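Containing CSV, C-alpha atoms: upload.csv.
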```
chain,number,residue,atom,x,y,z
A,117,MET,CA,0.0,0.0,0.0
A,118,LYS,CA,1.2,3.5,-0.8
A,119,PRO,CA,1.7,5.7,2.3
A,120,GLU,CA,-1.1,8.3,2.8
A,121,ALA,CA,-0.1,11.6,1.3
A,122,LYS,CA,0.6,14.4,3.8
A,123,GLN,CA,-1.8,17.3,3.8
A,124,HIS,CA,-1.0,20.9,3.4
A,125,ALA,CA,-1.7,23.1,6.4
A,126,ILE,CA,-2.8,26.7,6.5
A,127,GLN,CA,-3.5,29.3,9.3
A,128,VAL,CA,-5.6,32.3,8.5
A,129,TRP,CA,-6.2,35.5,10.5
A,130,SER,CA,-6.9,39.2,10.0
A,131,PHE,CA,-5.7,42.5,11.3
A,132,GLN,CA,-7.5,45.7,10.4
A,133,ASP,CA,-7.8,45.5,6.6
A,134,LEU,CA,-5.1,42.9,6.2
A,135,LEU,CA,-5.7,39.2,5.5
A,136,LEU,CA,-2.8,37.0,6.7
A,137,GLU,CA,-1.9,33.4,5.9
A,138,LEU,CA,0.7,31.0,7.0
A,139,TYR,CA,1.1,28.1,4.5
A,140,ARG,CA,2.9,24.9,5.3
A,141,TYR,CA,3.1,22.7,2.2
A,142,ALA,CA,3.8,19.0,2.8
A,143,PRO,CA,6.7,17.2,1.0
A,144,GLY,CA,5.6,16.0,-2.4
A,145,PRO,CA,5.8,16.5,-6.2
A,146,ALA,CA,6.2,19.9,-7.7
A,147,GLU,CA,2.8,21.8,-8.0
A,148,SER,CA,1.6,24.9,-9.8
A,149,LEU,CA,-1.2,27.4,-9.3
A,150,PRO,CA,-3.2,28.5,-12.4
A,151,ARG,CA,-3.3,32.1,-13.6
A,152,HIS,CA,-5.3,34.2,-11.2
A,153,SER,CA,-5.5,37.7,-9.7
A,154,HIS,CA,-6.3,39.4,-6.4
A,155,GLU,CA,-8.1,42.6,-5.6
A,156,ALA,CA,-5.4,43.4,-3.0
A,157,TYR,CA,-1.6,43.7,-3.1
A,158,GLN,CA,-0.1,40.3,-2.4
A,159,LEU,CA,3.1,40.0,-0.3
A,160,CYS,CA,4.7,36.7,0.1
A,161,LEU,CA,7.8,35.7,2.1
A,162,SER,CA,9.3,32.4,0.9
A,163,LEU,CA,11.0,30.9,3.9
A,164,ASP,CA,12.6,27.7,2.8
A,165,PHE,CA,11.6,26.7,-0.8
A,166,PRO,CA,12.3,28.3,-4.2
A,167,GLY,CA,9.6,29.0,-6.8
A,168,GLU,CA,8.7,30.9,-9.9
A,169,TYR,CA,6.1,33.5,-10.9
A,170,PHE,CA,4.7,34.2,-14.3
A,171,TYR,CA,3.8,37.9,-14.0
A,172,ARG,CA,3.4,40.7,-16.5
A,173,GLY,CA,4.5,38.5,-19.4
A,174,ALA,CA,7.7,37.4,-17.8
A,175,TYR,CA,9.0,34.6,-15.5
A,176,TYR,CA,10.6,35.6,-12.2
A,177,ALA,CA,12.6,33.3,-10.0
A,178,VAL,CA,11.5,33.4,-6.3
A,179,PRO,CA,14.6,32.5,-4.2
A,180,VAL,CA,14.4,31.1,-0.7
A,181,GLY,CA,14.2,34.0,1.7
A,182,SER,CA,12.9,36.5,-0.8
A,183,LEU,CA,9.8,38.8,-0.5
A,184,SER,CA,7.5,39.2,-3.5
A,185,VAL,CA,4.9,41.9,-4.3
A,186,ILE,CA,2.1,41.3,-6.7
A,187,HIS,CA,-0.1,44.3,-7.7
A,188,PRO,CA,-3.9,44.3,-7.4
A,189,ASP,CA,-5.8,42.8,-10.3
A,190,GLU,CA,-2.5,41.6,-12.0
A,191,VAL,CA,-2.9,38.2,-13.5
A,192,HIS,CA,-0.1,35.8,-12.3
A,193,ALA,CA,0.7,32.2,-11.9
A,194,ALA,CA,3.1,30.4,-9.5
A,195,ARG,CA,4.9,27.0,-9.6
A,196,ASP,CA,7.5,24.9,-7.8
A,197,LEU,CA,10.8,24.5,-9.6
A,198,GLU,CA,11.4,21.1,-8.1
A,199,ASP,CA,9.8,18.4,-6.0
A,200,ARG,CA,9.5,19.2,-2.3
A,201,GLN,CA,11.8,16.9,-0.4
A,202,THR,CA,10.9,18.6,2.8
A,203,GLY,CA,8.0,21.0,3.8
A,204,ALA,CA,7.7,24.5,2.3
A,205,THR,CA,6.6,27.5,4.4
A,206,PHE,CA,5.2,30.8,3.1
A,207,ARG,CA,4.0,33.8,5.0
A,208,MET,CA,1.3,35.7,2.9
A,209,MET,CA,-0.3,39.1,3.4
A,210,TYR,CA,-3.1,40.7,1.3
A,211,VAL,CA,-3.2,44.5,1.6
A,212,ASN,CA,-6.1,46.7,0.7
A,213,PRO,CA,-4.9,49.0,-2.1
A,214,GLN,CA,-6.3,52.1,-0.2
A,215,CYS,CA,-4.1,51.2,2.7
A,216,LEU,CA,-0.9,51.5,0.7
A,217,ARG,CA,-2.2,54.6,-1.1
A,218,SER,CA,-2.7,56.3,2.2
A,219,ALA,CA,0.8,55.2,3.4
A,220,ALA,CA,2.3,56.6,0.1
A,221,ALA,CA,0.5,59.9,0.6
A,222,ALA,CA,1.8,60.2,4.1
A,223,VAL,CA,5.4,59.4,2.9
A,224,ALA,CA,5.1,61.9,0.0
A,225,GLY,CA,3.3,64.6,1.9
A,226,ARG,CA,0.7,64.8,-0.9
A,227,GLU,CA,-2.0,62.7,-2.6
A,228,THR,CA,-0.5,60.0,-4.8
A,229,SER,CA,-1.5,57.2,-7.1
A,230,LEU,CA,-1.2,53.6,-5.9
A,231,PRO,CA,2.5,52.8,-5.3
A,232,PHE,CA,4.1,50.9,-8.2
A,233,PHE,CA,6.8,48.3,-7.6
A,234,ALA,CA,8.7,47.7,-10.8
A,235,ASN,CA,10.5,44.6,-9.5
A,236,PRO,CA,8.2,42.0,-7.9
A,237,ILE,CA,11.0,40.2,-6.2
A,238,ILE,CA,12.6,42.0,-3.2
A,239,LEU,CA,16.0,40.8,-1.9
A,240,ASP,CA,16.5,43.7,0.6
A,241,SER,CA,17.5,41.8,3.8
A,242,GLN,CA,16.4,44.5,6.2
A,243,LEU,CA,13.0,44.8,4.5
A,244,ILE,CA,12.6,41.0,4.5
A,245,GLN,CA,13.4,40.8,8.2
A,246,LEU,CA,11.0,43.5,8.9
A,247,PHE,CA,8.2,41.8,7.1
A,248,GLY,CA,8.9,38.6,9.0
A,249,GLN,CA,8.8,40.4,12.3
A,250,LEU,CA,5.6,42.1,11.3
A,251,HIS,CA,3.8,38.9,10.2
A,252,VAL,CA,4.7,37.2,13.5
A,253,ALA,CA,3.7,40.2,15.6
A,254,LEU,CA,0.3,40.3,13.9
A,255,GLU,CA,-0.4,36.8,15.0
A,256,GLY,CA,-1.6,38.4,18.2
A,257,ALA,CA,1.2,38.1,20.9
A,258,ALA,CA,2.5,41.7,20.4
A,259,SER,CA,1.0,44.9,21.9
A,260,ARG,CA,-1.2,47.0,19.7
A,261,LEU,CA,1.4,49.8,19.7
A,262,GLN,CA,4.1,47.4,18.5
A,263,GLN,CA,1.8,45.9,15.8
A,264,GLU,CA,0.8,49.3,14.4
A,265,SER,CA,4.4,50.7,14.6
A,266,LEU,CA,5.8,47.7,12.7
A,267,LEU,CA,3.0,48.0,10.2
A,268,LEU,CA,3.8,51.7,9.6
A,269,VAL,CA,7.5,51.1,9.4
A,270,MET,CA,7.0,48.3,6.9
A,271,TRP,CA,4.8,50.4,4.6
A,272,THR,CA,7.2,53.3,4.8
A,273,GLN,CA,10.3,51.3,4.1
A,274,LEU,CA,8.6,49.3,1.3
A,275,ILE,CA,7.4,52.5,-0.4
A,276,VAL,CA,10.7,54.4,0.0
A,277,ARG,CA,13.0,51.6,-0.9
A,278,CYS,CA,11.1,49.8,-3.6
A,279,SER,CA,8.7,52.4,-5.3
A,280,GLU,CA,9.3,55.7,-7.1
A,281,ILE,CA,7.7,57.7,-4.3
A,282,ARG,CA,10.1,59.7,-2.2
A,283,PRO,CA,9.6,61.0,1.4
A,284,SER,CA,8.5,64.5,2.1
A,285,LEU,CA,11.0,66.8,3.8
A,286,ARG,CA,8.2,68.4,5.8
A,287,PRO,CA,9.8,70.4,8.6
A,288,LEU,CA,9.0,69.3,12.1
A,289,GLY,CA,9.1,72.8,13.8
A,290,ARG,CA,6.7,73.3,16.7
A,291,GLU,CA,5.5,69.7,16.4
A,292,ARG,CA,8.4,68.7,18.7
A,293,LEU,CA,6.3,70.1,21.5
A,294,CYS,CA,3.9,67.2,21.0
A,295,VAL,CA,6.5,64.7,22.0
A,296,GLN,CA,6.3,65.4,25.7
A,297,ARG,CA,2.5,65.0,25.6
A,298,VAL,CA,2.9,61.6,24.0
A,299,ARG,CA,5.5,60.6,26.6
A,300,ASP,CA,3.2,61.7,29.4
A,301,TYR,CA,0.3,59.8,27.9
A,302,LEU,CA,2.4,56.6,27.6
A,303,GLU,CA,3.6,57.0,31.2
A,304,ALA,CA,0.0,57.4,32.4
A,305,ASN,CA,-1.2,54.4,30.5
A,306,LEU,CA,1.5,51.8,30.8
A,307,ALA,CA,-1.0,49.2,31.8
A,308,HIS,CA,-3.1,49.7,28.7
A,309,ASN,CA,-2.8,48.4,25.2
A,310,VAL,CA,-2.4,51.8,23.6
A,311,SER,CA,-2.4,52.0,19.8
A,312,LEU,CA,-0.4,54.3,17.6
A,313,SER,CA,-3.7,55.7,16.3
A,314,GLN,CA,-4.6,56.7,19.9
A,315,LEU,CA,-1.3,58.5,20.3
A,316,ALA,CA,-1.7,60.3,17.0
A,317,GLN,CA,-5.2,61.5,18.1
A,318,VAL,CA,-3.7,62.9,21.4
A,319,VAL,CA,-1.6,65.4,19.5
A,320,ASN,CA,-3.7,65.7,16.3
A,321,LEU,CA,-1.0,64.3,14.0
A,322,SER,CA,-1.1,61.5,11.5
A,323,PRO,CA,0.5,58.2,12.8
A,324,TYR,CA,3.2,58.5,10.1
A,325,HIS,CA,4.3,62.0,11.2
A,326,LEU,CA,4.0,61.2,14.9
A,327,HIS,CA,6.2,58.1,14.5
A,328,ARG,CA,8.8,60.1,12.6
A,329,LEU,CA,8.7,63.0,15.0
A,330,PHE,CA,8.9,60.9,18.1
A,331,HIS,CA,11.8,58.8,16.8
A,332,GLN,CA,13.7,61.9,15.7
A,333,ALA,CA,13.2,63.7,19.0
A,334,VAL,CA,13.7,60.8,21.4
A,335,GLY,CA,15.9,58.4,19.5
A,336,LEU,CA,13.4,55.6,20.1
A,337,THR,CA,10.1,54.6,18.5
A,338,PRO,CA,6.9,55.0,20.6
A,339,HIS,CA,6.8,51.2,21.1
A,340,GLN,CA,10.5,51.1,22.2
A,341,TYR,CA,9.9,53.9,24.6
A,342,GLN,CA,6.8,52.2,26.0
A,343,THR,CA,8.6,49.0,26.5
A,344,GLN,CA,11.5,50.6,28.4
A,345,ARG,CA,9.2,52.5,30.7
A,346,ARG,CA,7.3,49.3,31.4
A,347,ILE,CA,10.6,47.6,32.3
A,348,ASP,CA,11.4,50.6,34.6
A,349,ARG,CA,8.1,50.2,36.4
A,350,ALA,CA,8.5,46.4,36.6
A,351,LYS,CA,11.9,46.8,38.3
A,352,ARG,CA,10.4,49.2,40.9
A,353,LEU,CA,7.5,46.9,41.6
A,354,LEU,CA,9.7,43.8,41.8
A,355,ALA,CA,12.1,45.6,44.2
A,356,GLN,CA,9.0,46.3,46.4
A,357,GLY,CA,8.3,42.6,46.5
A,358,CYS,CA,5.2,42.5,44.2
A,359,SER,CA,4.4,39.2,42.6
A,360,LEU,CA,5.0,38.5,39.0
A,361,GLN,CA,1.3,38.5,38.3
A,362,GLN,CA,0.9,41.9,39.9
A,363,VAL,CA,3.7,43.3,37.8
A,364,VAL,CA,2.2,41.9,34.6
A,365,LEU,CA,-1.1,43.6,35.4
A,366,ALA,CA,0.5,46.9,36.3
A,367,THR,CA,2.9,47.1,33.3
A,368,GLY,CA,0.6,46.0,30.4
A,369,PHE,CA,2.6,43.0,29.3
A,370,ALA,CA,0.4,40.2,27.9
A,371,ASP,CA,1.5,37.5,30.4
A,372,ARG,CA,4.5,36.4,32.4
A,373,SER,CA,6.3,35.0,29.4
A,374,HIS,CA,6.0,38.4,27.6
A,375,LEU,CA,7.3,40.2,30.6
A,376,SER,CA,10.2,37.8,31.1
A,377,ARG,CA,11.3,37.9,27.4
A,378,HIS,CA,11.5,41.7,27.4
A,379,PHE,CA,12.9,42.0,31.0
A,380,LYS,CA,15.7,39.6,30.4
A,381,ARG,CA,16.7,41.3,27.1
A,382,TRP,CA,17.1,44.7,28.9
A,383,VAL,CA,18.2,43.6,32.4
A,384,GLN,CA,20.0,40.3,31.6
A,385,VAL,CA,18.2,38.4,34.3
A,386,THR,CA,14.6,37.1,34.6
A,387,PRO,CA,12.0,39.0,36.6
A,388,GLY,CA,12.0,36.2,39.2
A,389,GLN,CA,15.8,36.4,39.6
A,390,TYR,CA,15.6,40.2,39.9
A,391,ARG,CA,12.9,40.0,42.5
A,392,LEU,CA,14.8,37.3,44.5
A,393,GLN,CA,18.0,39.2,44.4
A,394,ASN,CA,16.4,42.5,45.6
A,395,ARG,CA,14.8,40.7,48.5
A,396,LYS,CA,18.1,39.2,49.4
A,397,ASN,CA,19.7,42.6,49.3
A,398,VAL,CA,17.0,44.0,51.6
A,399,GLN,CA,17.4,41.1,54.0
A,400,SER,CA,21.2,41.6,54.0
A,401,SER,CA,20.9,45.3,54.7
A,402,GLY,CA,18.6,44.5,57.6
A,403,ASP,CA,21.0,42.0,59.1
A,404,GLN,CA,23.8,44.5,58.9
A,405,ALA,CA,21.7,47.1,60.6
A,406,LEU,CA,21.0,44.7,63.4
```
What does the file become when written as structure tokens?
Amino acid sequence: MKPEAKQHAIQVWSFQDLLLELYRYAPGPAESLPRHSHEAYQLCLSLDFPGEYFYRGAYYAVPVGSLSVIHPDEVHAARDLEDRQTGATFRMMYVNPQCLRSAAAAVAGRETSLPFFANPIILDSQLIQLFGQLHVALEGAASRLQQESLLLVMWTQLIVRCSEIRPSLRPLGRERLCVQRVRDYLEANLAHNVSLSQLAQVVNLSPYHLHRLFHQAVGLTPHQYQTQRRIDRAKRLLAQGCSLQQVVLATGFADRSHLSRHFKRWVQVTPGQYRLQNRKNVQSSGDQAL
């Protein structure tokens, strides 16, 4: 008897106007997809298997680790170049055209047409890494501010690096005064899942200009600043002897694992180790006083 063929697996979810997919193709003979089109921009990160697109009358190799962009309503076909000896993984994203048009207008500082990407295959390592981080973050584990910040940076970098649209040199001027209001808002709402859109409304700026302004003035993105302030608060609470669950609730991290991952990155020890060490120091100081 022939062994039962392994089935392909797919995970599907959405974020705002985005449709996201994670494909895991089982090992097997080379396959192809018929010619078709989408109403959205299609972005695809090929993680571990090469392929080929037929697109705009030409064939394009899709190397392992590359990011591809297919325009809305453009007919295309895809195929494997060889049999799959192991599984093949692809991270897909379908983007509403108006979303990228709005991002392009923010970058250019004026109304624009839909951004055009002359080369559908992107080999820019920084952009590819950013897309991978974004796709994972949008699975739901990241904070809303991190998700929206990564999304904004991804669209900005994609448009600036790969399209003909260039960023506006709009002066920041008095808008620098908005930064302190945003910092104060973040400090006052560390326990809340604040979005970039909320921050933008606080100072009446677009998310794009707020993100640019904040990074230029502070040297950190709003999400990076939020994370560091959360770590600062966590250290103070741990030093006071608060439980890990109390710290999670007071600092806005999703759970203990989320807190521990960020805490260890910045402090080099886990929250539990930090809490224990501080209690030992307090005890030691008390013994010396006696």
Please report as JSON lines every residue of range 212-258 of chain A lying within 12 Å of range 327-342 of chain A, along with the nearest atom pair and their distance in Å (one decimal), using only C-alpha atoms.
```
{"residue": "A:Ala222", "atom": "CA", "partner": "A:Arg328", "partner_atom": "CA", "distance": 11.0}
{"residue": "A:Val223", "atom": "CA", "partner": "A:Arg328", "partner_atom": "CA", "distance": 10.3}
{"residue": "A:Ala258", "atom": "CA", "partner": "A:His339", "partner_atom": "CA", "distance": 10.5}
```
With only C-alpha atoms as the counted atoms, please give the residues lying no more than 9 Å from range 225-231 of chain A, apart from itself and same-chain residues fewer than 4 positions off, as number ranges by chain.
A: 213-214, 216-218, 220-221, 275, 279-281, 283-286
Of A:Met209, A:Leu136, A:Leu353, A:Ile237, the one sitting nearest Tyr171 in chain A when using all atoms listed in the file is A:Ile237
For range 227-306 of chain A versus range 146-169 of chain A, which residues have an atom no more than 10 Å away, and what is each residue's nearest atom pair and distance in Å rounded to one decimal, using all atoms listed in the file, chain-then-number order, as a tab-separated table?
```
residue	atom	partner	partner_atom	distance
A:Pro236	CA	A:Tyr169	CA	9.3
A:Ile237	CA	A:Tyr169	CA	9.5
A:Ile238	CA	A:Leu161	CA	9.5
A:Ile244	CA	A:Leu161	CA	7.5
A:Gln245	CA	A:Leu161	CA	9.7
A:Phe247	CA	A:Leu161	CA	7.9
A:Gly248	CA	A:Leu161	CA	7.6
A:His251	CA	A:Leu161	CA	9.6
```
Please determine, counting only C-alpha atoms, which residue among A:Ser322, A:Asp371, A:Arg345, A:Trp129 has the shortest atom-to-atom distance to Tyr301 in chain A.
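Result for the nearest residue to Tyr301 in chain A: A:Arg345.
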Can you tell me which residues surround range 358-366 of chain A at a distance of at most 12 Å, considering all atoms listed in the file, apart from same-chain residues fewer than 3 positions away, and format the answer as JSON, numbers by chain?
{"A": [303, 304, 305, 306, 307, 308, 309, 345, 346, 347, 348, 349, 350, 351, 352, 353, 354, 355, 369, 370, 371, 372, 373, 374, 375, 376, 378, 379, 386, 387, 388, 389, 390, 391, 392, 394, 395]}
How far is it from CA of Arg140 in chain A to CA of Ala194 in chain A, in Å with one decimal?
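Spanning CA of Arg140 in chain A to CA of Ala194 in chain A is a straight-line distance of 15.8 Å.
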Of the residues A:Pro143, A:Gly173, A:Gly368, A:Pro323, which is the one nearest to Leu302 in chain A, using only C-alpha atoms?
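For Leu302 in chain A, the nearest of the given residues is A:Gly368.
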Between CA of Leu183 in chain A and CA of Leu274 in chain A - distance in Å to one decimal:
10.7 Å
In Å to one decimal, how far is CA of Ser130 in chain A from CA of Ser182 in chain A?
22.7 Å
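Using only C-alpha atoms, the shortest contact distance between Glu264 in chain A and any of A:Arg277, A:Val310, A:Gln296, A:Asp199 is found at A:Val310.
When only C-alpha atoms are used to compute distances to Leu326 in chain A, the closest of the residues A:Val185, A:Ser265, A:Gln356, A:Lys380 turns out to be A:Ser265.
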